[in-house]
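Below you'll find the structure, written out as structure tokens, and then a few comments.
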Amino acid sequence: MPTPADSAGLAALYQERILEHYRRPRHKGALERATGVHSVKNPLCGDAVTVSVLVVNGVVADARFTGTGCSIMQASASMLMELVRERTPHEIADCALRFDAMLANGTADETLGALSALAGVAGFPARHKCAKLAWRALAGALEQSAGA
Amino acid sequence: MSAPRADFPLLAAQPSLVYLDSAATAQKPRVVIDAIRDYYETANANPHRGAYKLSGAATDAYHGARREIARFLGAADADTLIFTRGTTEAMNLLATAWGHQHVHRGDRVVVTRMEHHANFVPWQQLARDVGAEFRICELTDDGRIDMDQLRLLVTANTKVVAFGHVSNALGTINDVREIVKIAHAIGAVAFCDGAQGAPHLRVEFDALGVDAYAFSGHKMLGPMGIGGVIARRALLESTHPYQFGGDMIEFVFDGDSTWNTLPHKFEAGTPNVEGAVGLAAAVRYLDGIDMDNVRAHEVELTRYALAQLATIDGMQLFGPAAAEARSGVVSFNLSDIHPHDLSTMLDVDGVCVRAGHHCAQPLMRAIHQTATVRASFYVYNTAADVDALVASLRRAHARFHAHAG
């Protein structure tokens with residue numbers, strides 16, 4: 001069951017692991033040599049994220065993001081860039097499904113690495129979009145890489 | 001003087017809820033909900049259609065509501081009040097029907113930097129469609145329309161000045177009469193988006209001088225899906241219909257049709273009678289409080305809120321500093337906390353605020369924010385609601401910065 005949207009839920013949502021990624025995001029920036037770049041906006045809040053990826057021999061060699069947004073969006077993007085290194089687009093698509101499932105059921109999925117800290121978002125349906133924004137940009141960037 | 005919370009079933013059922021999002025939509029008093037139920041239980045039929053008595057009752061309910069709402073907004077000629085789904089549809093009606101007929105290549109359309117998308121995009125797209133110039137009047141640093149720039153922008157080729165009565169994102173109350181004067185001086189029409197004006201200020205349409213004034217029922221204690229536009233009779237009579245269908249026609253020949261009289265000409269299809277009846281009950285309720293008291297209450301709350309919010313470290317307030325210069329809207333950001341993070345944390349304390357761009361992206365760009373937090377007040381809010389907001393903001397601030405190095 002997702003953590004309820006109460007004070008305990010808030011503590012889970014804004015735990016230190018998440019705020020730390022928000023304050024010091026990893027892999028922020030643009031790749032000079034990208035095989036795919038994709039931007040996604042959240043029209044509700046005006047937040048935007050751009051993900052650029054470099055796919056070499058069918059594996060993500062590097063991934064970076066830029067953009068403005070709330071702590072959940074930024075932390076999710078930062079953690080995601082770490083997760084995707086050395087993985088194939090197919091493996092990443094599988095991770096995306098597990099991430100969606102985690103937001104639906106609220107159970108931390110340790111196979112998602114640092115991203116498992118975002119299980120607390122499950123109890124705040126209005127914030128699911130924030131957590132998924134970078135994933136959507138990544139999917140677009142990978143799609144572009146596949147077509148390139 | 002505030003309205004009793006007990007008059008509003010949703011607020012009465014949730015005593016700890018701090019509802020500070022009335023600029024998005026207002027809570028509904030019991031009299032509005034009862035009026036809608038009563039209409040369906042005693043007078044429901046399709047108006048204007050049947051010769052039977054019940055259809056007559058529905059027709060009377062619908063046009064009786066129109067007369068009450070027109071009177072409330074200071075319009076003597078009730079048939080110049082056209083019901084729409086709300087302000088958005090009203091502005092689209094004006095931009096589409098009046099606009100395409102009167103705005104041509106080389107003409108100019110003027111809006112302001114503080115417009116809601118509903119009074120920005122229709123004019124922007126009209127200008128693109130016909131090849132007219134689309135000009136945006138900028139704001140002063142404290143969030144008011146720069147009237148000096150407006151005077152320069154409204155040139156001889158300007159056909160329309162479209163502006164809001166009150167900014168939904170900043171709360172700024174605009175000088176309607178002065179804007180009308182500027183527009184009329186060169187023969188342009190002045191269309192006013194009153195979505196945030198009509199709920200909070202006494203509106204005297206006949207005295208304001210605007211050529212059209214649009215409003216939304218749900219922001220003034222009425223139901224969703226009803227609102228309208230009041231316009232000068234000559235303007236409506238010379239404007240082509242907006243939508244075609246039942247009710248709005250006079251005769252339909254094989255090759256052409258003729259149009260019904262006002263207001264029917266602009267009300268195609270079965271009307272929203274329950275909405276009109278509910279909104280009439282809402283304006284009766286507001287009349288009972290008296291709009292001068294509504295305004296006085298909001299000024300008092302806004303003044304208190306501005307003062308209390310200013311005591312929080314890292315508080316950045318947007319819009320005019322004086323409570324008298326704004327309606328009950330307070331827009332702000334708190335240190336580096338994203339508005340969505342803030343609103344989630346406030347929500348856990350039962351405090352409902354809006355976080356986002358408030359459908360005013362052109363304004364957000366001008367104040368260099370992607371989003372702000374907005375608290376907005378109405379008749380049922382009290383100083384205790386402001387206190388709850390401030391306390392919750394302090395908790396959020398502490399939580400967010402608890403671990404900051």
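Ligands are numbered from 1 in the order shown, chains are lettered A, B, ... in the order of the structure tokens, and residues start at 1 in each chain.
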
I need the chain A residues near chain B as an mmCIF file with all heavy atoms, in the first residue's frame; criterion: at most 6 Å, counting only C-alpha atoms.
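Written out: part.cif:
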```
data_model
loop_
_atom_site.group_PDB
_atom_site.id
_atom_site.type_symbol
_atom_site.label_atom_id
_atom_site.label_comp_id
_atom_site.auth_asym_id
_atom_site.auth_seq_id
_atom_site.Cartn_x
_atom_site.Cartn_y
_atom_site.Cartn_z
ATOM 1 N N ASP A 6 0.187 11.811 4.688
ATOM 2 C CA ASP A 6 0.150 12.504 5.968
ATOM 3 C C ASP A 6 1.577 12.912 6.328
ATOM 4 O O ASP A 6 2.477 12.910 5.489
ATOM 5 C CB ASP A 6 -0.467 11.598 7.050
ATOM 6 C CG ASP A 6 0.286 10.282 7.174
ATOM 7 O OD1 ASP A 6 1.393 10.165 6.596
ATOM 8 O OD2 ASP A 6 -0.239 9.376 7.832
ATOM 9 N N CYS A 45 2.821 22.817 -14.504
ATOM 10 C CA CYS A 45 3.657 23.683 -13.676
ATOM 11 C C CYS A 45 4.692 24.421 -14.489
ATOM 12 O O CYS A 45 5.400 25.274 -13.961
ATOM 13 C CB CYS A 45 4.339 22.867 -12.583
ATOM 14 S SG CYS A 45 5.290 21.500 -13.221
ATOM 15 N N GLY A 46 4.810 24.113 -15.770
ATOM 16 C CA GLY A 46 5.811 24.788 -16.582
ATOM 17 C C GLY A 46 7.199 24.186 -16.449
ATOM 18 O O GLY A 46 8.144 24.671 -17.049
ATOM 19 N N CYS A 70 10.694 20.732 -9.653
ATOM 20 C CA CYS A 70 10.599 20.512 -8.212
ATOM 21 C C CYS A 70 11.641 19.481 -7.767
ATOM 22 O O CYS A 70 12.335 18.875 -8.577
ATOM 23 C CB CYS A 70 9.199 20.038 -7.861
ATOM 24 S SG CYS A 70 8.789 18.460 -8.598
#
```

> Near segment 9-17 of chain A, counting only C-alpha atoms, which residues have an atom at most 12 Å away, once you skip same-chain residues fewer than 5 positions from it, shown as a count of residues only?
Replying inline: 55

> In segment 53-238 of chain B, what's alpha helix (DSSP H) per DSSP? Answer as a PyMOL selection string?
Replying inline: chain B and resi 53-72+87-93+100-102+121-130+147-153+176-185+205-208+233-238

> In Å, with one decimal, what is the gap from atom CA of Val51 of chain A to atom CA of Leu80 of chain A?
Replying inline: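 Here the two named atoms are 10.3 Å from each other.
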
> Looking only at the backbone, which of the residues in chain A does DSSP tag as strand (DSSP E or B), as a ChimeraX atom specification?
Replying inline: /A:28,36-42,47-56,59-68

> Residues at most 10 Å from Val56 of chain A, counting only C-alpha atoms, excluding those fewer than 3 positions away in the same chain, as a PyMOL selection string?
Replying inline: chain A and resi 35+53+59-62+86+88+145
